Amino acid sequence: MNRNWTEYELLIVMNLYCRLTFGQCNSRNKLVNEVASKLDRTAGSISRKLGNIASLDPRHQARGVGGLPNSSKLDRKVWAEFQKNWSAMAEKSEAAFGVLMGKTAQEILVPEFEQPLGPSEVERMVKIRRIQTFFRNAVLCSYENRCSLTGIAVPQLLVASHIIPWSENENRRADPTNGICLNALHDKAFDRHLITFDENYRLVVSCFLKKQDVPEFQSVNFGNLEGVKLKLPHRFAPDPQALEKHRDSFIT
């Protein structure tokens with residue numbers, strides 16, 4: 001007998017949706033099977049629910065990849081709550097996923113030099129880490145774990161770059177449409193407003209960079225790439241309004 005889905009389960013499936021690439025949301029995927037087992041559901045039911053979530057994703061709709069059309073009222077409610085406040089929902093989703101997978105707060109914190117001093121600081125840092133983890137997974141997996149500018153596919157060199165900085169808008173800290181997958185060098189240049197992207201997602205390079213006295217480095221890493229168009233993700237495309245705001249601070 002089929003049992004109704006709960007909001008707790010949908011938080012977990014939404015987290016799963018955001019940490020899988022487009023071709024992984026199927027019943028053969030190892031993580032899908034692991035989550036299904038822990039939720040006491042079939043891999044097929046998880047896969048179908050991922051399809052229902054995909055049907056709500058505007059990026060998939062625009063590409064004609066609608067998933068399964070029979071999303072439930074609860075699916076739409078949870079999806080809408082994420083759109084309204086990504087940070088709050090991402091933290092809840094990552095917490096639920098961590099509990100399901102058996103992760104402790106200490107495992108979430110990791111680096112010793114960042115260890116907090118008291119319970120309130122522990123809680124604050126755990127929440128921040130959850131939001132950071134959700135955002136990185138959602139952005140990198142949306143871009144198939146490749147730099148959208150150069151195609152580099154080395155995870156250790158990839159960054160989920162915020163378009164609107166972390167410090168400027170709390171609600172958008174975990175919003176994947178506020179992110180672009182870039183390699184570490186171009187992430188740093190983007191963060192410092194030395195590069196940006198025009199209305200057609202093409203790279204624009206600051207004259208400040210072009211004037212630097214290391215011409216070969218500049219041409220290889222920046223000059224030769226100017227005008228190159230971002231490879232857009234299969235979901236959560238960069239928000240044009242966020243990019244427009246980024247361009248307003250561009251160093252010409």
# chains A, B, ... in the order shown; residues from 1 in each chain; ligands from 1
>>> select_by_dssp(residues="region 73-177 of chain A", states="helix (DSSP H, G or I)", output="PyMOL selection string")
chain A and resi 73-84+86-101+105-109+112-114+119-142+155-157+170-172+176-177
>>> residues_around(residues="Phe250 (chain A)", least_positions_apart="6", cutoff="8 Å", atoms="only C-alpha atoms", output="list of chain:residue names")
A:His193, A:Leu194, A:Ile195, A:Thr196, A:Ser206
>>> write_last_selection(atoms="C-alpha atoms", output="PDB file, in the first residue's frame")
ATOM      1  CA  HIS A 193      34.739  42.392  -9.836  1.00  0.00           C
ATOM      2  CA  LEU A 194      37.674  42.083 -12.242  1.00  0.00           C
ATOM      3  CA  ILE A 195      35.556  39.964 -14.559  1.00  0.00           C
ATOM      4  CA  THR A 196      31.823  39.894 -15.093  1.00  0.00           C
ATOM      5  CA  SER A 206      38.476  44.526 -16.680  1.00  0.00           C
TER       6      SER A 206
END
>>> closest_residue(among="A:Asn137, A:Leu225, A:Phe190, A:Thr177", to="Pro240 (chain A)", atoms="only C-alpha atoms")
A:Thr177
>>> atom_distance(atom1="CA of Ala160 (chain A)", atom2="CA of Arg136 (chain A)")
5.2 Å
>>> closest_residue(among="A:Leu140, A:Met101, A:Cys181, A:Leu11", to="Met89 (chain A)", atoms="only C-alpha atoms")
A:Leu11
>>> select_by_dssp(residues="region 6-209 of chain A", states="strand (DSSP E)", output="ChimeraX atom specification")
/A:158-162,179-183,195-197,203-205
>>> residues_around(residues="region 54-60 of chain A", least_positions_apart="5", cutoff="12 Å", atoms="only C-alpha atoms", output="ChimeraX atom specification")
/A:13-14,16-18,20-22,25,47-49,65-80,82-83,142,176-177,232-239
>>> write_last_selection(atoms="N, CA and C atoms", output="short mmCIF file (atom, residue, chain, number, x, y, z; two decimals), in the first residue's frame")
data_model
loop_
_atom_site.label_atom_id
_atom_site.label_comp_id
_atom_site.auth_asym_id
_atom_site.auth_seq_id
_atom_site.Cartn_x
_atom_site.Cartn_y
_atom_site.Cartn_z
N VAL A 13 14.38 14.69 -0.29
CA VAL A 13 14.38 14.48 -1.74
C VAL A 13 14.81 15.75 -2.46
N MET A 14 14.40 16.91 -1.95
CA MET A 14 14.82 18.17 -2.55
C MET A 14 16.34 18.32 -2.42
N LEU A 16 18.42 15.85 -2.27
CA LEU A 16 18.96 14.88 -3.21
C LEU A 16 18.91 15.43 -4.63
N TYR A 17 17.81 16.06 -4.98
CA TYR A 17 17.66 16.66 -6.32
C TYR A 17 18.78 17.67 -6.59
N CYS A 18 19.14 18.43 -5.55
CA CYS A 18 20.14 19.48 -5.71
C CYS A 18 21.57 18.95 -5.65
N LEU A 20 22.45 15.92 -7.18
CA LEU A 20 22.65 14.98 -8.28
C LEU A 20 22.69 15.74 -9.60
N THR A 21 23.52 15.28 -10.52
CA THR A 21 23.52 15.86 -11.86
C THR A 21 22.30 15.34 -12.62
N PHE A 22 22.05 15.93 -13.77
CA PHE A 22 20.83 15.65 -14.52
C PHE A 22 20.64 14.16 -14.81
N CYS A 25 19.44 11.20 -11.64
CA CYS A 25 18.17 11.12 -10.91
C CYS A 25 17.35 9.92 -11.34
N SER A 47 12.95 8.08 -7.38
CA SER A 47 13.22 8.58 -8.73
C SER A 47 11.99 9.32 -9.29
N ARG A 48 10.82 8.77 -9.07
CA ARG A 48 9.60 9.43 -9.55
C ARG A 48 9.37 10.76 -8.84
N LYS A 49 9.67 10.80 -7.55
CA LYS A 49 9.51 12.05 -6.81
C LYS A 49 10.52 13.09 -7.30
N VAL A 65 12.08 19.81 -20.69
CA VAL A 65 12.28 18.60 -19.89
C VAL A 65 11.44 18.77 -18.65
N GLY A 66 10.20 18.32 -18.74
CA GLY A 66 9.26 18.62 -17.68
C GLY A 66 9.19 17.64 -16.54
N GLY A 67 9.91 16.54 -16.60
CA GLY A 67 9.78 15.54 -15.56
C GLY A 67 8.40 14.93 -15.59
N LEU A 68 7.92 14.50 -14.45
CA LEU A 68 6.58 13.92 -14.37
C LEU A 68 5.59 15.02 -13.99
N PRO A 69 4.47 15.08 -14.68
CA PRO A 69 3.56 16.21 -14.49
C PRO A 69 2.68 16.12 -13.25
N ASN A 70 2.70 14.99 -12.53
CA ASN A 70 1.75 14.80 -11.44
C ASN A 70 2.34 15.18 -10.08
N SER A 71 2.98 16.35 -10.01
CA SER A 71 3.49 16.81 -8.72
C SER A 71 2.32 17.07 -7.78
N SER A 72 2.53 16.81 -6.51
CA SER A 72 1.46 16.94 -5.54
C SER A 72 1.40 18.35 -4.97
N LYS A 73 0.36 18.63 -4.22
CA LYS A 73 0.21 19.92 -3.56
C LYS A 73 1.37 20.15 -2.60
N LEU A 74 1.80 19.09 -1.90
CA LEU A 74 2.92 19.22 -0.97
C LEU A 74 4.23 19.45 -1.71
N ASP A 75 4.42 18.81 -2.87
CA ASP A 75 5.61 19.07 -3.69
C ASP A 75 5.70 20.55 -4.02
N ARG A 76 4.57 21.11 -4.48
CA ARG A 76 4.55 22.52 -4.88
C ARG A 76 4.76 23.44 -3.68
N LYS A 77 4.22 23.05 -2.54
CA LYS A 77 4.40 23.85 -1.32
C LYS A 77 5.86 23.91 -0.92
N VAL A 78 6.53 22.76 -0.89
CA VAL A 78 7.93 22.72 -0.49
C VAL A 78 8.79 23.46 -1.51
N TRP A 79 8.51 23.27 -2.80
CA TRP A 79 9.26 23.99 -3.84
C TRP A 79 9.12 25.50 -3.65
N ALA A 80 7.89 25.97 -3.40
CA ALA A 80 7.64 27.40 -3.22
C ALA A 80 8.36 27.94 -1.99
N PHE A 82 11.20 26.90 -0.80
CA PHE A 82 12.61 27.05 -1.17
C PHE A 82 12.80 28.34 -1.96
N GLN A 83 11.93 28.61 -2.92
CA GLN A 83 12.07 29.82 -3.73
C GLN A 83 11.95 31.08 -2.87
N SER A 142 24.61 21.29 -10.79
CA SER A 142 23.85 21.90 -11.88
C SER A 142 24.73 22.14 -13.10
N PRO A 176 20.72 28.68 -5.56
CA PRO A 176 21.62 28.27 -6.64
C PRO A 176 21.55 29.16 -7.88
N THR A 177 20.46 29.94 -8.05
CA THR A 177 20.42 30.88 -9.17
C THR A 177 21.29 32.11 -8.88
N LEU A 232 25.68 27.34 -19.78
CA LEU A 232 24.62 27.41 -18.79
C LEU A 232 24.30 26.04 -18.22
N PRO A 233 23.84 26.00 -16.97
CA PRO A 233 23.56 24.72 -16.30
C PRO A 233 22.24 24.11 -16.77
N HIS A 234 22.05 22.84 -16.42
CA HIS A 234 20.81 22.19 -16.81
C HIS A 234 19.65 22.59 -15.90
N ARG A 235 19.96 23.27 -14.80
CA ARG A 235 18.93 23.82 -13.91
C ARG A 235 19.55 25.01 -13.19
N PHE A 236 18.70 25.83 -12.58
CA PHE A 236 19.17 26.96 -11.78
C PHE A 236 20.13 27.88 -12.55
N ALA A 237 19.68 28.36 -13.70
CA ALA A 237 20.50 29.29 -14.49
C ALA A 237 20.75 30.56 -13.69
N PRO A 238 21.89 31.23 -13.92
CA PRO A 238 22.21 32.45 -13.18
C PRO A 238 21.13 33.51 -13.35
N ASP A 239 20.77 34.12 -12.26
CA ASP A 239 19.72 35.15 -12.25
C ASP A 239 20.22 36.40 -12.99
#
>>> residues_around(residues="Ala36 (chain A)", least_positions_apart="6", cutoff="12 Å", atoms="only C-alpha atoms", output="PDB file with C-alpha atoms, in the first residue's frame")
ATOM      1  CA  GLU A   9      10.833  13.294   3.297  1.00  0.00           C
ATOM      2  CA  ILE A  12      15.443  15.124   1.870  1.00  0.00           C
ATOM      3  CA  VAL A  13      14.379  14.475  -1.736  1.00  0.00           C
ATOM      4  CA  LEU A  16      18.958  14.880  -3.213  1.00  0.00           C
ATOM      5  CA  ASN A  26      17.204   7.537 -11.609  1.00  0.00           C
ATOM      6  CA  SER A  27      16.580   4.340  -9.681  1.00  0.00           C
ATOM      7  CA  ARG A  28      19.997   2.904 -10.617  1.00  0.00           C
ATOM      8  CA  ASN A  29      21.933   5.636  -8.837  1.00  0.00           C
ATOM      9  CA  LYS A  30      23.753   4.462  -5.707  1.00  0.00           C
ATOM     10  CA  THR A  42      11.739   1.989  -3.253  1.00  0.00           C
ATOM     11  CA  ALA A  43      14.389   3.544  -5.466  1.00  0.00           C
ATOM     12  CA  GLY A  44      11.700   3.863  -8.132  1.00  0.00           C
ATOM     13  CA  SER A  45       9.488   5.944  -5.836  1.00  0.00           C
ATOM     14  CA  ILE A  46      12.404   8.270  -5.034  1.00  0.00           C
ATOM     15  CA  SER A  47      13.215   8.579  -8.733  1.00  0.00           C
ATOM     16  CA  ARG A  48       9.596   9.426  -9.551  1.00  0.00           C
ATOM     17  CA  LYS A  49       9.512  12.046  -6.811  1.00  0.00           C
ATOM     18  CA  LEU A  50      12.708  13.579  -8.232  1.00  0.00           C
ATOM     19  CA  LEU A 100      19.210  10.494   7.618  1.00  0.00           C
ATOM     20  CA  MET A 101      22.779   9.742   6.538  1.00  0.00           C
TER      21      MET A 101
END
>>> closest_residue(among="A:Asp40, A:Glu199, A:Asp191, A:Glu170", to="Trp86 (chain A)", atoms="only C-alpha atoms")
A:Glu170
>>> residues_around(residues="Arg172 (chain A)", least_positions_apart="4", cutoff="9 Å", atoms="only C-alpha atoms", output="list in words")
Asn85, Trp86, Ser87, His162, Ile164, Pro165, Trp166, Glu168, Pro176, Thr177 and Asn178 of chain A
>>> write_last_selection(atoms="N, CA and C atoms", output="compact mmCIF listing (two decimals), in the first residue's frame")
# COMPACT_ATOMS: atom_id res chain seq x y z
N ASN A 85 12.71 31.41 0.45
CA ASN A 85 13.86 31.62 1.34
C ASN A 85 14.79 30.42 1.24
N TRP A 86 15.71 30.48 0.28
CA TRP A 86 16.62 29.36 0.04
C TRP A 86 17.47 29.05 1.26
N SER A 87 17.95 30.06 1.94
CA SER A 87 18.88 29.82 3.05
C SER A 87 18.22 29.04 4.18
N HIS A 162 29.30 32.99 -5.54
CA HIS A 162 28.11 33.81 -5.33
C HIS A 162 28.14 35.02 -6.26
N ILE A 164 25.60 37.66 -6.02
CA ILE A 164 25.40 38.62 -4.94
C ILE A 164 26.12 38.06 -3.72
N PRO A 165 27.09 38.76 -3.17
CA PRO A 165 27.94 38.20 -2.11
C PRO A 165 27.16 37.70 -0.90
N TRP A 166 27.75 36.73 -0.23
CA TRP A 166 27.20 36.12 0.98
C TRP A 166 26.78 37.19 1.98
N GLU A 168 25.82 40.24 1.60
CA GLU A 168 24.87 41.28 1.18
C GLU A 168 23.41 40.84 1.20
N PRO A 176 20.72 28.68 -5.56
CA PRO A 176 21.62 28.27 -6.64
C PRO A 176 21.55 29.16 -7.88
N THR A 177 20.46 29.94 -8.05
CA THR A 177 20.42 30.88 -9.17
C THR A 177 21.29 32.11 -8.88
N ASN A 178 21.79 32.20 -7.67
CA ASN A 178 22.74 33.24 -7.29
C ASN A 178 24.17 32.70 -7.35
>>> atom_distance(atom1="CA of Phe134 (chain A)", atom2="CA of Leu31 (chain A)")
15.8 Å
>>> residues_around(residues="Arg146 (chain A)", least_positions_apart="3", cutoff="12 Å", atoms="only C-alpha atoms", output="tab-separated table (two decimals) with N, CA and C atoms, in the first residue's frame")
chain	number	residue	atom	x	y	z
A	21	THR	N	23.52	15.28	-10.52
A	21	THR	CA	23.52	15.86	-11.86
A	21	THR	C	22.30	15.34	-12.62
A	139	VAL	N	25.05	24.08	-6.90
A	139	VAL	CA	25.66	24.80	-8.01
A	139	VAL	C	26.55	23.88	-8.83
A	140	LEU	N	27.46	23.16	-8.18
A	140	LEU	CA	28.40	22.32	-8.93
A	140	LEU	C	27.67	21.23	-9.70
A	141	CYS	N	26.67	20.59	-9.08
A	141	CYS	CA	25.96	19.53	-9.78
A	141	CYS	C	25.12	20.08	-10.93
A	142	SER	N	24.61	21.29	-10.79
A	142	SER	CA	23.85	21.90	-11.88
A	142	SER	C	24.73	22.14	-13.10
A	143	TYR	N	26.01	22.39	-12.85
A	143	TYR	CA	26.97	22.63	-13.94
A	143	TYR	C	27.76	21.37	-14.29
A	149	LEU	N	33.15	28.32	-17.45
A	149	LEU	CA	33.90	29.17	-18.37
A	149	LEU	C	34.99	28.40	-19.10
A	150	THR	N	35.72	27.54	-18.39
A	150	THR	CA	36.87	26.85	-18.98
A	150	THR	C	36.64	25.35	-19.18
A	151	GLY	N	35.64	24.80	-18.52
A	151	GLY	CA	35.39	23.36	-18.63
A	151	GLY	C	36.23	22.51	-17.69
A	152	ILE	N	37.05	23.15	-16.85
A	152	ILE	CA	37.85	22.39	-15.88
A	152	ILE	C	36.92	21.53	-15.03
A	153	ALA	N	37.29	20.26	-14.85
A	153	ALA	CA	36.44	19.32	-14.12
A	153	ALA	C	37.17	18.68	-12.94
A	154	VAL	N	38.01	19.45	-12.28
A	154	VAL	CA	38.73	18.98	-11.09
A	154	VAL	C	38.01	19.54	-9.87
A	155	PRO	N	37.30	18.71	-9.10
A	155	PRO	CA	36.50	19.23	-7.98
A	155	PRO	C	37.26	20.13	-7.02
A	156	GLN	N	38.54	19.80	-6.77
A	156	GLN	CA	39.33	20.59	-5.83
A	156	GLN	C	39.59	22.00	-6.33
A	157	LEU	N	39.40	22.24	-7.64
A	157	LEU	CA	39.65	23.56	-8.21
A	157	LEU	C	38.36	24.32	-8.53
A	158	LEU	N	37.22	23.72	-8.18
A	158	LEU	CA	35.94	24.34	-8.52
A	158	LEU	C	35.34	25.05	-7.31
A	159	VAL	N	34.70	26.18	-7.59
A	159	VAL	CA	34.09	27.00	-6.54
A	159	VAL	C	32.66	27.33	-6.97
A	160	ALA	N	31.75	27.26	-6.01
A	160	ALA	CA	30.39	27.76	-6.24
A	160	ALA	C	30.42	29.25	-5.93
A	180	ILE	N	27.42	30.56	-9.74
A	180	ILE	CA	28.02	30.10	-10.99
A	180	ILE	C	29.18	29.20	-10.61
A	181	CYS	N	29.35	28.11	-11.31
A	181	CYS	CA	30.49	27.22	-11.07
A	181	CYS	C	31.70	27.74	-11.85
A	182	LEU	N	32.72	28.18	-11.12
A	182	LEU	CA	33.94	28.68	-11.72
A	182	LEU	C	35.16	28.00	-11.10
A	183	ASN	N	36.27	28.01	-11.81
A	183	ASN	CA	37.51	27.53	-11.19
A	183	ASN	C	38.01	28.59	-10.22
A	184	ALA	N	38.97	28.19	-9.38
A	184	ALA	CA	39.39	29.06	-8.27
A	184	ALA	C	39.93	30.41	-8.74
A	230	LEU	N	29.30	31.74	-21.07
A	230	LEU	CA	29.15	30.72	-20.04
A	230	LEU	C	28.37	29.53	-20.58
A	231	LYS	N	28.79	28.35	-20.20
A	231	LYS	CA	27.98	27.17	-20.49
A	231	LYS	C	26.92	27.09	-19.40
A	232	LEU	N	25.68	27.34	-19.78
A	232	LEU	CA	24.62	27.41	-18.79
A	232	LEU	C	24.30	26.04	-18.22
A	233	PRO	N	23.84	26.00	-16.97
A	233	PRO	CA	23.56	24.72	-16.30
A	233	PRO	C	22.24	24.11	-16.77
>>> residues_around(residues="Leu209 (chain A)", least_positions_apart="4", cutoff="8 Å", atoms="only C-alpha atoms", output="list in words")
Leu194, Val205, Gln218 and Phe222 of chain A
